[in-house]
>>> print(open('run_19.cif').read())   # mmCIF, C-alpha atoms
data_model
loop_
_atom_site.label_atom_id
_atom_site.label_comp_id
_atom_site.auth_asym_id
_atom_site.auth_seq_id
_atom_site.Cartn_x
_atom_site.Cartn_y
_atom_site.Cartn_z
CA MET A 1 -305.41 -31.88 -107.95
CA LYS A 2 -304.61 -35.20 -106.36
CA GLY A 3 -300.88 -35.70 -105.86
CA GLU A 4 -299.90 -32.12 -106.69
CA ALA A 5 -297.14 -30.68 -104.48
CA HIS A 6 -297.51 -27.10 -103.31
CA ARG A 7 -294.92 -24.70 -101.88
CA ARG A 8 -295.60 -21.18 -100.69
CA PHE A 9 -292.85 -18.93 -99.36
CA GLU A 10 -291.62 -15.36 -99.11
CA CYS A 11 -289.32 -14.33 -101.93
CA PHE A 12 -288.48 -11.20 -103.96
CA GLY A 13 -290.42 -9.00 -101.57
CA GLY A 14 -293.61 -10.96 -102.07
CA THR A 15 -295.08 -14.44 -101.95
CA ALA A 16 -293.97 -17.11 -104.38
CA THR A 17 -295.84 -20.34 -104.97
CA ILE A 18 -294.85 -23.51 -106.78
CA HIS A 19 -297.20 -26.32 -107.82
CA VAL A 20 -295.89 -29.54 -109.33
CA CYS A 21 -297.79 -32.68 -110.27
CA GLY A 22 -295.23 -35.34 -111.06
CA ALA A 23 -295.42 -38.95 -112.19
CA ASN A 24 -296.06 -39.74 -108.53
CA THR A 25 -296.42 -37.80 -105.32
CA ALA A 26 -292.78 -38.20 -104.32
CA ALA A 27 -291.53 -36.92 -107.66
CA GLY A 28 -293.76 -33.86 -107.43
CA GLU A 29 -292.68 -33.12 -103.86
CA LYS A 30 -289.01 -33.45 -104.75
CA ALA A 31 -289.33 -31.20 -107.80
CA ALA A 32 -291.24 -28.58 -105.82
CA ASP A 33 -288.57 -28.56 -103.10
CA LEU A 34 -285.82 -28.21 -105.67
CA ALA A 35 -287.62 -25.37 -107.43
CA ARG A 36 -288.13 -23.60 -104.11
CA MET A 37 -284.42 -23.90 -103.28
CA ARG A 38 -283.43 -22.55 -106.68
CA LEU A 39 -285.79 -19.61 -106.39
CA LEU A 40 -284.53 -18.69 -102.92
CA ASP A 41 -280.95 -19.02 -104.11
CA ALA A 42 -281.70 -16.75 -107.07
CA HIS A 43 -283.31 -14.26 -104.70
CA ARG A 44 -280.14 -14.12 -102.62
CA ARG A 45 -278.02 -13.56 -105.70
CA LEU A 46 -280.21 -11.01 -107.45
CA SER A 47 -281.55 -8.95 -104.55
CA ARG A 48 -280.59 -5.30 -104.70
CA PHE A 49 -281.29 -4.91 -101.00
CA SER A 50 -278.32 -7.03 -99.93
CA ASP A 51 -274.80 -5.62 -100.32
CA LYS A 52 -273.47 -9.17 -100.62
CA SER A 53 -275.63 -10.20 -103.54
CA GLU A 54 -274.06 -10.72 -106.92
CA LEU A 55 -276.24 -7.99 -108.37
CA ALA A 56 -275.14 -5.45 -105.76
CA ARG A 57 -271.48 -6.33 -106.40
CA LEU A 58 -271.98 -5.98 -110.14
CA ASN A 59 -273.69 -2.60 -109.72
CA ASP A 60 -270.83 -1.34 -107.54
CA ASP A 61 -268.03 -2.77 -109.69
CA PRO A 62 -265.92 -0.04 -111.36
CA ARG A 63 -264.90 -2.24 -114.31
CA TRP A 64 -266.60 -2.17 -117.69
CA GLU A 65 -266.53 -5.93 -117.99
CA VAL A 66 -267.42 -7.95 -114.92
CA PRO A 67 -267.27 -11.75 -114.55
CA ALA A 68 -270.77 -13.03 -113.89
CA THR A 69 -272.58 -16.28 -113.29
CA THR A 70 -274.98 -17.78 -115.80
CA LEU A 71 -277.95 -16.39 -113.89
CA MET A 72 -276.54 -12.87 -113.79
CA ARG A 73 -275.71 -13.00 -117.48
CA ALA A 74 -279.26 -14.16 -118.19
CA LEU A 75 -280.61 -11.19 -116.20
CA ALA A 76 -278.36 -8.74 -118.05
CA ASP A 77 -279.49 -10.21 -121.34
CA ALA A 78 -283.13 -9.98 -120.25
CA VAL A 79 -282.68 -6.28 -119.39
CA GLY A 80 -281.59 -5.62 -122.95
CA LYS A 81 -284.43 -7.68 -124.39
CA ALA A 82 -287.02 -5.93 -122.22
CA GLY A 83 -285.82 -2.52 -123.31
CA SER A 84 -285.73 -3.55 -126.95
CA LEU A 85 -289.15 -5.24 -126.94
CA SER A 86 -290.84 -2.33 -125.20
CA GLY A 87 -289.11 0.44 -127.12
CA GLY A 88 -287.48 1.58 -123.88
CA LEU A 89 -290.67 1.72 -121.80
CA VAL A 90 -289.45 -1.15 -119.62
CA ASP A 91 -286.13 0.18 -118.46
CA ALA A 92 -284.23 -1.71 -115.74
CA THR A 93 -281.48 0.91 -115.44
CA LEU A 94 -283.48 3.33 -113.30
CA LEU A 95 -282.13 2.10 -109.99
CA ASP A 96 -280.67 5.45 -108.92
CA ARG A 97 -283.94 7.21 -109.61
CA ILE A 98 -286.08 4.70 -107.76
CA GLU A 99 -283.78 4.95 -104.76
CA ARG A 100 -284.03 8.72 -104.98
CA ALA A 101 -287.82 8.35 -104.94
CA GLY A 102 -287.52 6.56 -101.59
CA TYR A 103 -287.35 2.87 -102.48
CA ARG A 104 -283.99 2.01 -100.94
CA ASP A 105 -285.03 -0.86 -98.74
CA SER A 106 -287.43 -3.71 -99.16
CA LEU A 107 -291.03 -2.60 -98.62
CA ASP A 108 -292.37 -5.91 -97.42
CA GLY A 109 -295.73 -5.84 -95.71
CA GLU A 110 -298.43 -3.23 -95.86
CA PRO A 111 -297.93 -0.17 -98.05
CA SER A 112 -297.30 3.04 -96.17
CA MET A 113 -299.94 4.73 -98.31
CA SER A 114 -303.13 3.29 -99.73
CA LEU A 115 -303.59 3.19 -103.49
CA ARG A 116 -306.68 5.39 -103.35
CA ASP A 117 -304.86 8.01 -101.28
CA ALA A 118 -301.91 7.91 -103.67
CA LEU A 119 -304.20 8.39 -106.67
CA ALA A 120 -306.06 11.23 -104.97
CA SER A 121 -302.85 13.04 -104.08
CA ARG A 122 -301.52 12.90 -107.66
CA PRO A 123 -304.34 14.05 -109.96
CA GLN A 124 -302.17 14.51 -113.08
CA ARG A 125 -302.27 11.59 -115.55
CA ALA A 126 -299.83 11.09 -118.41
CA PRO A 127 -298.49 8.08 -120.30
CA GLY A 128 -294.87 7.12 -119.80
CA ALA A 129 -292.13 7.50 -122.41
CA PRO A 130 -288.66 6.03 -122.96
CA ARG A 131 -285.62 7.64 -121.44
CA PRO A 132 -283.76 9.57 -124.14
CA ASP A 133 -280.30 8.13 -123.37
CA ARG A 134 -281.63 4.54 -123.36
CA LEU A 135 -278.94 3.21 -121.06
CA TRP A 136 -280.31 -0.32 -121.30
CA ARG A 137 -278.68 -0.46 -124.73
CA SER A 138 -275.25 -0.21 -123.13
CA ILE A 139 -275.67 -3.51 -121.28
CA GLY A 140 -274.25 -6.56 -123.00
CA VAL A 141 -273.16 -10.10 -122.29
CA ASP A 142 -270.08 -11.97 -123.44
CA GLU A 143 -270.92 -15.65 -123.14
CA ASN A 144 -267.43 -16.76 -124.18
CA GLU A 145 -265.75 -14.69 -121.47
CA GLU A 146 -268.70 -15.23 -119.11
CA THR A 147 -268.94 -11.54 -118.35
CA VAL A 148 -271.47 -8.75 -118.23
CA ILE A 149 -270.39 -5.60 -120.06
CA ARG A 150 -271.77 -2.16 -119.19
CA PRO A 151 -270.43 1.31 -118.46
CA PRO A 152 -269.44 1.69 -114.78
CA GLY A 153 -272.22 3.40 -112.91
CA VAL A 154 -275.01 1.87 -114.96
CA LYS A 155 -276.95 -0.13 -112.40
CA ILE A 156 -279.39 -2.94 -113.01
CA ASP A 157 -282.66 -3.18 -111.09
CA SER A 158 -283.71 -6.81 -110.98
CA GLY A 159 -287.39 -5.93 -110.26
CA GLY A 160 -290.08 -7.62 -112.28
CA ILE A 161 -287.69 -8.74 -115.02
CA ALA A 162 -285.91 -11.12 -112.64
CA LYS A 163 -289.23 -12.60 -111.53
CA GLY A 164 -290.33 -13.27 -115.07
CA LEU A 165 -286.94 -14.65 -116.00
CA LEU A 166 -286.88 -17.00 -113.01
CA ALA A 167 -290.39 -18.25 -113.69
CA ASP A 168 -289.21 -19.19 -117.18
CA LEU A 169 -285.99 -20.81 -115.97
CA LEU A 170 -287.86 -22.91 -113.40
CA ALA A 171 -290.50 -23.81 -115.98
CA ASP A 172 -287.77 -25.23 -118.21
CA GLN A 173 -286.74 -27.51 -115.37
CA LEU A 174 -290.30 -28.58 -114.58
CA ARG A 175 -291.65 -29.17 -118.05
CA GLN A 176 -291.15 -32.96 -117.92
CA HIS A 177 -293.77 -33.17 -115.16
CA ARG A 178 -297.49 -33.70 -115.74
CA ALA A 179 -298.45 -30.19 -114.64
CA TYR A 180 -296.69 -27.30 -112.96
CA ALA A 181 -297.15 -23.65 -112.08
CA VAL A 182 -294.44 -21.27 -110.96
CA ASP A 183 -295.66 -18.02 -109.47
CA CYS A 184 -292.82 -15.58 -108.82
CA CYS A 185 -294.83 -12.93 -106.97
CA GLY A 186 -297.32 -12.41 -109.78
CA ASP A 187 -295.22 -13.53 -112.75
CA ILE A 188 -296.66 -16.94 -113.50
CA ARG A 189 -295.64 -19.70 -115.85
CA VAL A 190 -297.85 -22.79 -116.24
CA GLY A 191 -297.53 -25.92 -118.30
CA GLY A 192 -296.81 -29.63 -118.19
CA HIS A 193 -296.99 -32.52 -120.61
CA ALA A 194 -300.52 -33.51 -119.52
CA GLY A 195 -301.85 -30.30 -121.07
CA LEU A 196 -304.15 -29.55 -118.16
CA VAL A 197 -305.95 -26.24 -117.95
CA ARG A 198 -305.11 -24.17 -114.89
CA ARG A 199 -307.14 -21.23 -113.68
CA VAL A 200 -305.31 -17.96 -113.06
CA ARG A 201 -307.17 -15.36 -111.05
CA VAL A 202 -306.31 -11.71 -111.50
CA ASP A 203 -306.10 -9.97 -108.16
CA ASP A 204 -307.91 -6.70 -107.47
CA PRO A 205 -305.48 -3.81 -106.87
CA PHE A 206 -308.01 -2.23 -104.51
CA GLY A 207 -308.14 -5.27 -102.29
CA GLU A 208 -311.45 -6.79 -103.31
CA GLY A 209 -311.89 -10.25 -104.83
CA PRO A 210 -310.41 -11.33 -108.15
CA VAL A 211 -311.39 -9.04 -111.03
CA HIS A 212 -311.08 -11.71 -113.70
CA GLU A 213 -310.18 -15.34 -114.25
CA LEU A 214 -308.03 -16.68 -117.06
CA LYS A 215 -307.59 -20.29 -118.12
CA LEU A 216 -304.18 -21.29 -119.26
CA ARG A 217 -302.82 -24.59 -120.52
CA ASP A 218 -299.25 -23.65 -121.42
CA GLY A 219 -298.02 -20.09 -121.22
CA ALA A 220 -297.45 -17.20 -118.88
CA VAL A 221 -299.27 -14.41 -117.10
CA ALA A 222 -297.71 -11.40 -115.40
CA THR A 223 -299.21 -8.49 -113.53
CA SER A 224 -297.68 -5.10 -113.01
CA GLY A 225 -299.25 -2.50 -110.79
CA ILE A 226 -298.66 0.55 -108.68
CA GLY A 227 -300.78 -0.37 -105.67
CA ARG A 228 -298.66 -2.86 -103.82
CA ARG A 229 -295.78 -0.53 -103.01
CA CYS A 230 -296.98 3.01 -102.41
CA TRP A 231 -295.17 5.34 -100.06
CA VAL A 232 -294.69 9.01 -99.28
CA ALA A 233 -291.60 10.28 -101.10
CA PRO A 234 -289.07 12.58 -99.42
CA ASP A 235 -290.77 15.55 -101.11
CA GLY A 236 -294.08 14.55 -99.48
CA ALA A 237 -295.73 13.36 -102.68
CA ALA A 238 -297.17 9.91 -103.23
CA ALA A 239 -294.72 7.52 -104.87
CA HIS A 240 -294.57 3.95 -106.12
CA HIS A 241 -292.01 1.69 -107.73
CA ILE A 242 -292.98 1.91 -111.40
CA LEU A 243 -291.23 4.90 -112.88
CA ASP A 244 -291.82 6.77 -116.09
CA PRO A 245 -288.40 6.30 -117.73
CA ALA A 246 -288.52 9.75 -119.35
CA SER A 247 -289.16 11.73 -116.17
CA GLY A 248 -287.78 9.30 -113.60
CA GLU A 249 -290.86 9.98 -111.51
CA PRO A 250 -293.51 7.45 -110.42
CA ALA A 251 -295.88 6.94 -113.34
CA PHE A 252 -299.54 7.87 -112.90
CA THR A 253 -300.96 6.99 -116.31
CA GLY A 254 -304.58 6.24 -115.49
CA ILE A 255 -303.92 2.52 -115.13
CA VAL A 256 -303.26 1.02 -111.71
CA GLN A 257 -302.71 -2.55 -112.82
CA ALA A 258 -302.08 -4.40 -116.07
CA THR A 259 -302.04 -8.16 -116.57
CA ALA A 260 -300.58 -9.66 -119.72
CA LEU A 261 -300.64 -13.09 -121.31
CA ALA A 262 -297.64 -14.26 -123.29
CA PRO A 263 -295.73 -17.43 -124.20
CA THR A 264 -293.08 -16.68 -121.57
CA ALA A 265 -293.19 -14.97 -118.19
CA LEU A 266 -290.45 -12.52 -119.13
CA LEU A 267 -292.42 -11.42 -122.18
CA ALA A 268 -295.61 -11.21 -120.12
CA GLU A 269 -293.81 -9.04 -117.56
CA VAL A 270 -292.57 -6.71 -120.31
CA TYR A 271 -296.03 -6.48 -121.88
CA ALA A 272 -297.74 -5.84 -118.55
CA LYS A 273 -295.37 -3.06 -117.52
CA ALA A 274 -295.42 -1.49 -120.98
CA ALA A 275 -299.23 -1.56 -121.01
CA LEU A 276 -299.36 0.13 -117.63
CA LEU A 277 -296.90 2.82 -118.70
CA ALA A 278 -298.61 3.36 -122.05
CA GLY A 279 -301.82 4.48 -120.35
CA PRO A 280 -305.46 3.57 -121.00
CA LYS A 281 -305.58 4.71 -124.62
CA ARG A 282 -302.67 2.59 -125.83
CA ALA A 283 -302.50 -0.23 -123.30
CA ASP A 284 -304.14 -2.73 -125.64
CA GLU A 285 -301.33 -2.24 -128.16
CA TRP A 286 -299.02 -3.87 -125.63
CA LEU A 287 -301.25 -6.86 -125.02
CA PRO A 288 -301.08 -8.86 -128.26
CA HIS A 289 -301.89 -12.11 -126.47
CA GLY A 290 -304.64 -10.55 -124.39
CA GLY A 291 -304.79 -9.28 -120.84
CA VAL A 292 -306.67 -7.38 -118.18
CA VAL A 293 -306.34 -3.70 -117.37
CA VAL A 294 -307.64 -2.00 -114.22
CA ARG A 295 -308.00 1.75 -114.39
CA ASP A 296 -307.77 4.35 -111.63
CA GLY A 297 -311.49 4.25 -110.99
CA GLY A 298 -311.54 0.47 -110.69
CA GLU A 299 -312.91 -0.12 -114.20
CA VAL A 300 -311.75 -3.46 -115.59
CA ASP A 301 -310.95 -3.81 -119.30
CA VAL A 302 -310.50 -7.34 -120.60
CA ILE A 303 -308.37 -7.20 -123.73
CA ALA A 304 -308.96 -9.98 -126.25
CA ALA A 305 -305.97 -11.71 -127.77
CA GLU A 306 -304.92 -10.59 -131.24
CA GLN A 307 -302.45 -13.44 -131.54
CA LEU A 308 -303.71 -16.72 -130.19
CA LEU A 309 -301.18 -18.64 -128.18
CA THR A 310 -300.90 -22.30 -129.04
CA ALA A 311 -302.81 -24.36 -126.50
CA VAL A 312 -303.74 -21.31 -124.45
CA ALA A 313 -307.34 -20.85 -123.46
CA VAL A 314 -308.54 -17.49 -122.22
CA MET B 315 -400.87 -56.51 -155.62
CA ASP B 316 -403.99 -55.71 -153.63
CA PRO B 317 -404.10 -52.55 -151.52
CA LEU B 318 -404.05 -54.44 -148.18
CA GLU B 319 -400.87 -56.29 -149.10
CA LYS B 320 -399.35 -53.01 -150.25
CA ILE B 321 -400.06 -51.38 -146.92
CA GLU B 322 -398.68 -54.37 -145.04
CA ARG B 323 -395.40 -54.23 -146.98
CA LYS B 324 -395.05 -50.51 -146.35
CA ARG B 325 -395.59 -51.12 -142.64
CA GLN B 326 -392.95 -53.85 -142.58
CA ALA B 327 -390.53 -51.62 -144.48
CA ARG B 328 -391.00 -48.76 -142.00
CA HIS B 329 -390.53 -51.27 -139.18
CA ARG B 330 -387.22 -52.48 -140.64
CA ILE B 331 -386.00 -48.94 -141.18
CA ARG B 332 -386.86 -48.01 -137.62
CA ALA B 333 -385.09 -51.11 -136.27
CA GLN B 334 -382.09 -50.36 -138.45
CA ARG B 335 -381.92 -46.74 -137.18
CA LYS B 336 -382.24 -47.98 -133.63
CA ARG B 337 -379.31 -50.40 -134.08
CA ALA B 338 -377.21 -47.68 -135.71
CA GLY B 339 -377.98 -45.29 -132.82
CA THR B 340 -377.07 -47.90 -130.28
CA LEU B 341 -373.83 -48.63 -132.10
CA LYS B 342 -372.97 -44.89 -132.30
CA ALA B 343 -373.67 -44.48 -128.59
CA ARG B 344 -371.44 -47.43 -127.75
CA VAL B 345 -368.59 -46.09 -129.91
CA VAL B 346 -368.84 -42.63 -128.36
CA ALA B 347 -369.04 -44.06 -124.85
CA ILE B 348 -366.04 -46.36 -125.38
CA SER B 349 -364.07 -43.48 -126.92
CA LEU B 350 -364.87 -41.20 -124.01
CA ILE B 351 -363.95 -43.91 -121.49
CA CYS B 352 -360.64 -44.64 -123.25
CA PHE B 353 -359.83 -40.91 -123.47
CA ALA B 354 -360.62 -40.40 -119.81
CA LEU B 355 -358.63 -43.47 -118.82
CA LEU B 356 -355.54 -42.41 -120.77
CA TRP B 357 -355.57 -38.90 -119.30
CA GLY B 358 -356.23 -40.38 -115.89
CA VAL B 359 -353.10 -42.52 -116.19
CA VAL B 360 -351.06 -39.51 -117.32
CA PHE B 361 -352.46 -37.38 -114.52
CA VAL B 362 -351.70 -40.00 -111.89
CA GLN B 363 -348.18 -40.49 -113.28
CA MET B 364 -347.46 -36.77 -113.28
CA ALA B 365 -349.06 -36.24 -109.88
CA THR B 366 -346.88 -38.93 -108.33
CA GLY B 367 -343.75 -37.36 -109.82
CA ASN B 368 -343.07 -40.10 -112.36
CA ASP B 369 -342.84 -37.76 -115.30
CA PRO B 370 -341.92 -39.98 -118.28
CA VAL B 371 -339.61 -37.22 -119.61
CA LEU B 372 -337.75 -37.01 -116.32
CA GLY B 373 -337.71 -40.75 -116.21
CA ASP B 374 -335.76 -40.91 -119.48
CA SER B 375 -332.34 -42.42 -118.89
CA SER B 376 -330.20 -39.66 -120.54
CA SER B 377 -331.91 -36.87 -118.62
CA THR B 378 -331.50 -38.68 -115.35
CA VAL B 379 -327.81 -39.09 -115.97
CA ALA B 380 -327.41 -35.42 -116.76
CA LYS B 381 -329.21 -34.25 -113.64
CA GLY B 382 -327.55 -36.80 -111.46
CA SER B 383 -324.13 -35.89 -112.79
CA SER B 384 -324.60 -32.20 -112.17
CA GLY B 385 -325.60 -32.96 -108.63
CA ARG B 386 -322.52 -35.12 -108.21
CA ASN B 387 -320.30 -32.39 -109.58
CA ARG B 388 -321.59 -29.88 -107.11
CA HIS B 389 -320.89 -32.38 -104.40
CA ALA B 390 -317.43 -33.17 -105.72
CA ALA B 391 -316.52 -29.50 -106.00
CA LYS B 392 -317.22 -28.97 -102.32
CA ALA B 393 -315.77 -32.18 -100.98
CA PRO B 394 -312.09 -33.14 -100.92
CA PRO B 395 -311.10 -35.51 -103.76
CA ALA B 396 -310.89 -38.54 -101.46
CA GLU B 397 -314.41 -37.99 -100.19
CA ALA B 398 -315.76 -37.39 -103.67
CA GLY B 399 -314.19 -40.58 -104.89
CA ALA B 400 -315.60 -42.61 -102.02
CA SER B 401 -319.24 -42.26 -103.06
CA THR B 402 -320.43 -44.27 -106.04
CA ASP B 403 -322.85 -43.24 -108.75
CA SER B 404 -325.48 -45.70 -107.56
CA GLU B 405 -325.36 -44.24 -104.08
CA GLU B 406 -325.79 -40.74 -105.46
CA PHE B 407 -328.74 -41.69 -107.65
CA GLY B 408 -330.32 -43.87 -105.01
CA ALA B 409 -330.33 -41.05 -102.52
CA THR B 410 -331.93 -38.55 -104.87
CA GLU B 411 -335.62 -38.90 -105.70
CA PRO B 412 -337.16 -37.12 -108.71
CA GLU B 413 -339.22 -34.97 -106.34
CA GLU B 414 -336.06 -33.86 -104.65
CA LEU B 415 -334.43 -33.04 -107.96
CA GLU B 416 -337.39 -30.87 -108.92
CA ALA B 417 -337.51 -29.25 -105.53
CA GLU B 418 -333.76 -28.64 -105.68
CA ALA B 419 -334.07 -27.03 -109.06
CA PHE B 420 -336.79 -24.64 -108.03
CA ALA B 421 -336.11 -23.99 -104.37
CA GLY B 422 -334.82 -20.44 -104.09
CA GLU B 423 -333.22 -20.42 -107.55
CA PRO B 424 -334.38 -18.86 -110.78
CA ALA B 425 -335.87 -21.58 -113.00
CA GLU B 426 -333.57 -20.71 -115.89
CA GLU B 427 -330.43 -21.66 -113.92
CA GLU B 428 -331.18 -25.37 -114.15
CA PRO B 429 -330.29 -25.89 -117.81
CA VAL B 430 -327.03 -23.97 -117.26
CA GLU B 431 -325.99 -26.55 -114.69
CA VAL B 432 -326.77 -29.37 -117.08
CA GLU B 433 -324.94 -27.67 -119.95
CA ALA B 434 -321.85 -27.07 -117.83
CA GLU B 435 -321.80 -30.69 -116.71
CA PRO B 436 -319.34 -32.18 -119.25
CA VAL B 437 -316.68 -29.50 -118.54
CA GLU B 438 -316.97 -29.89 -114.78
CA GLU B 439 -316.93 -33.64 -115.16
CA GLU B 440 -313.73 -33.43 -117.19
CA PHE B 441 -311.85 -31.32 -114.65
CA ALA B 442 -313.52 -32.54 -111.47
CA GLU B 443 -310.53 -34.69 -110.68
CA GLU B 444 -307.87 -33.34 -113.03
CA GLU B 445 -308.00 -29.58 -112.59
CA PRO B 446 -304.76 -28.28 -111.09
CA ALA B 447 -304.79 -25.79 -108.22
CA PRO B 448 -305.61 -22.23 -109.32
CA VAL B 449 -302.99 -19.51 -108.97
CA ILE B 450 -303.38 -15.78 -108.40
CA THR B 451 -301.51 -13.15 -110.32
CA SER B 452 -301.09 -9.95 -108.36
CA GLN B 453 -298.89 -6.91 -108.68
CA SER B 454 -295.21 -7.76 -108.63
#
>>> encode(input="run_19.cif", output="structure tokens")
Amino acid sequence: MKGEAHRRFECFGGTATIHVCGANTAAGEKAADLARMRLLDAHRRLSRFSDKSELARLNDDPRWEVPATTLMRALADAVGKAGSLSGGLVDATLLDRIERAGYRDSLDGEPSMSLRDALASRPQRAPGAPRPDRLWRSIGVDENEETVIRPPGVKIDSGGIAKGLLADLLADQLRQHRAYAVDCCGDIRVGGHAGLVRRVRVDDPFGEGPVHELKLRDGAVATSGIGRRCWVAPDGAAAHHILDPASGEPAFTGIVQATALAPTALLAEVYAKAALLAGPKRADEWLPHGGVVVRDGGEVDVIAAEQLLTAVAV
Amino acid sequence: MDPLEKIERKRQARHRIRAQRKRAGTLKARVVAISLICFALLWGVVFVQMATGNDPVLGDSSSTVAKGSSGRNRHAAKAPPAEAGASTDSEEFGATEPEELEAEAFAGEPAEEEPVEVEAEPVEEEFAEEEPAPVITSQS
């Protein structure tokens, strides 16, 4: 679109893009630059791969109650919401287990194992289930004291929840512009007061062209999948970063990628991950606003929305 | 009335009837001939009009706009916005003859695709300039 500012940069282990169409070109450019700076700053503060990040310091802190910035408190709050909304399927307290599975450092770039090889090496398929102890319930926020409260040793994995949360936070700051889109590595929020329809293409987990195209006026889309980060675990088995909370092992449910529509990016992220973990038979139950599911064999299921979003066109 | 006069009257009556029939036949022949000529002329005009590509249906103003617009949209979708904005409607229509439109519609494409283009025209027209850049959602 004429006059729309675009920014594309590496962030959160992937590629983030920002599109802003302001009242004039200069306003759009300025807003896009500001959004980019905020996203990169948030990345520095919430990365679990940097010992100096606020998240790493919180995870290592031996106190029950730890002073935290507004952003960190928002993340802690989002972890609780994600667990609650998904019945424990989306659990951001599995950091120890994912590190044990071999995901200690950022896996930027090409996966060390292709998705097809990973699927072939792990023939068993089973839906995920919540972790019995539900540690995400122990995480709380005290806004008056500006602290995060959790038992020492309970670690937060920023993961997809942080991306969805940041897409929403940036969207709040961009909503006065004509049109905007914030794409935090697959967690997308679109909107703007002009009410323009933006196309959102759903990427193919097997590397082909887009498998589907959505049209969105004001809302969010998030995609969760196992194909982007596949590696060989220390035990020699194929592994990826989406764990079954119950077993703590990489989840092979029969779905390789789930895309969810929702009013907010955080909600879309929760729905997408829950749909993936629920497996093919129950994935649609986690997509009340519609979505797209890609199964192991490459079959694409387009789920119709049960609840229509206001001003959202699919 | 004597017999000779009677015969004479009968002869005159037959003569009048014959003349009347002859006039009626001539009139019928003229009507048929004029009808045939008019019919042939009308179809000749239609044939010539169609053969030269001036189909009156295609020549209708609303249809021309629809076809011309779809062609413009295809052009605008490929060209950058500045280029698309630089060409005017009159230039687009002036450069496209009806023969070319027909040839374009049938050359290498299934015939049924043409109405789809025309139907999709209002949506493309609406977002030709206003559609924001698409985004791609991939695995996070």
>>> resolve_selection(input="run_19.cif", expression="the PyMOL selection byres ((chain A) within 6 of (chain B))", output="PyMOL selection string")
chain A and resi 1+185-186+198-203+223-225
>>> residues_around(input="run_19.cif", residues="segment 50-55 of chain A", least_positions_apart="5", cutoff="9 Å", atoms="only C-alpha atoms", output="MDAnalysis selection string")
chainID A and resid 43:45 60 68:69 72 155:158
>>> resolve_selection(input="run_19.cif", expression="the PyMOL selection byres ((chain A and resi 74-91) around 8)", output="ChimeraX atom specification")
/A:70-73,92-94,128-131,134,136-137,139-141,148,156,158,161-162,165,244-245,266-267,270-271,273-274,277
>>> residues_around(input="run_19.cif", residues="Cys21 of chain A", least_positions_apart="2", cutoff="6 Å", atoms="only C-alpha atoms", output="MDAnalysis selection string")
chainID A and resid 4 28 178:179
>>> atom_distance(input="run_19.cif", atom1="atom CA of Asp33 of chain A", atom2="atom CA of Arg7 of chain A")
7.5 Å
>>> closest_residue(input="run_19.cif", among="A:Ile303, A:Ala56, A:Ala126, A:Ile226", to="Gly254 of chain A", atoms="all atoms listed in the file")
A:Ala126
>>> atom_distance(input="run_19.cif", atom1="atom CA of Ala27 of chain A", atom2="atom CA of Glu213 of chain A")
29.3 Å
>>> atom_distance(input="run_19.cif", atom1="atom CA of Gly358 of chain B", atom2="atom CA of Arg344 of chain B")
20.5 Å
>>> resolve_selection(input="run_19.cif", expression="the PyMOL selection byres ((chain A and resi 124) around 12)", output="short mmCIF file (atom, residue, chain, number, x, y, z; two decimals) with C-alpha atoms, in the frame of the given file")
data_model
loop_
_atom_site.label_atom_id
_atom_site.label_comp_id
_atom_site.auth_asym_id
_atom_site.auth_seq_id
_atom_site.Cartn_x
_atom_site.Cartn_y
_atom_site.Cartn_z
CA ALA A 118 -301.91 7.91 -103.67
CA LEU A 119 -304.20 8.39 -106.67
CA ALA A 120 -306.06 11.23 -104.97
CA SER A 121 -302.85 13.04 -104.08
CA ARG A 122 -301.52 12.90 -107.66
CA PRO A 123 -304.34 14.05 -109.96
CA ARG A 125 -302.27 11.59 -115.55
CA ALA A 126 -299.83 11.09 -118.41
CA PRO A 127 -298.49 8.08 -120.30
CA ALA A 238 -297.17 9.91 -103.23
CA PRO A 250 -293.51 7.45 -110.42
CA ALA A 251 -295.88 6.94 -113.34
CA PHE A 252 -299.54 7.87 -112.90
CA THR A 253 -300.96 6.99 -116.31
CA GLY A 254 -304.58 6.24 -115.49
CA ASP A 296 -307.77 4.35 -111.63
#
>>> closest_residue(input="run_19.cif", among="A:Ala167, A:Leu115, A:Met37, A:Val232", to="Ile255 of chain A", atoms="only C-alpha atoms")
A:Leu115
>>> axis_aligned_box(input="run_19.cif", around="segment 334-337 of chain B", padding_each_side="5 Å", output="lines of an AutoDock Vina configuration file")
center_x = -380.8
center_y = -48.6
center_z = -136.0
size_x = 12.9
size_y = 13.7
size_z = 14.8
>>> residues_around(input="run_19.cif", residues="Lys30 of chain A", least_positions_apart="6", cutoff="10 Å", atoms="only C-alpha atoms", output="PyMOL selection string")
chain A and resi 5+20+22+36
>>> residues_near_point(input="run_19.cif", point="(-308.0, -0.5, -107.2)", cutoff="9 Å", atoms="all atoms listed in the file", output="PyMOL selection string")
chain A and resi 115-116+204-208+227+256-257+294-299
>>> residues_around(input="run_19.cif", residues="Ala265 of chain A", least_positions_apart="6", cutoff="9 Å", atoms="only C-alpha atoms", output="ChimeraX atom specification")
/A:161,163-168,187-189,219-222
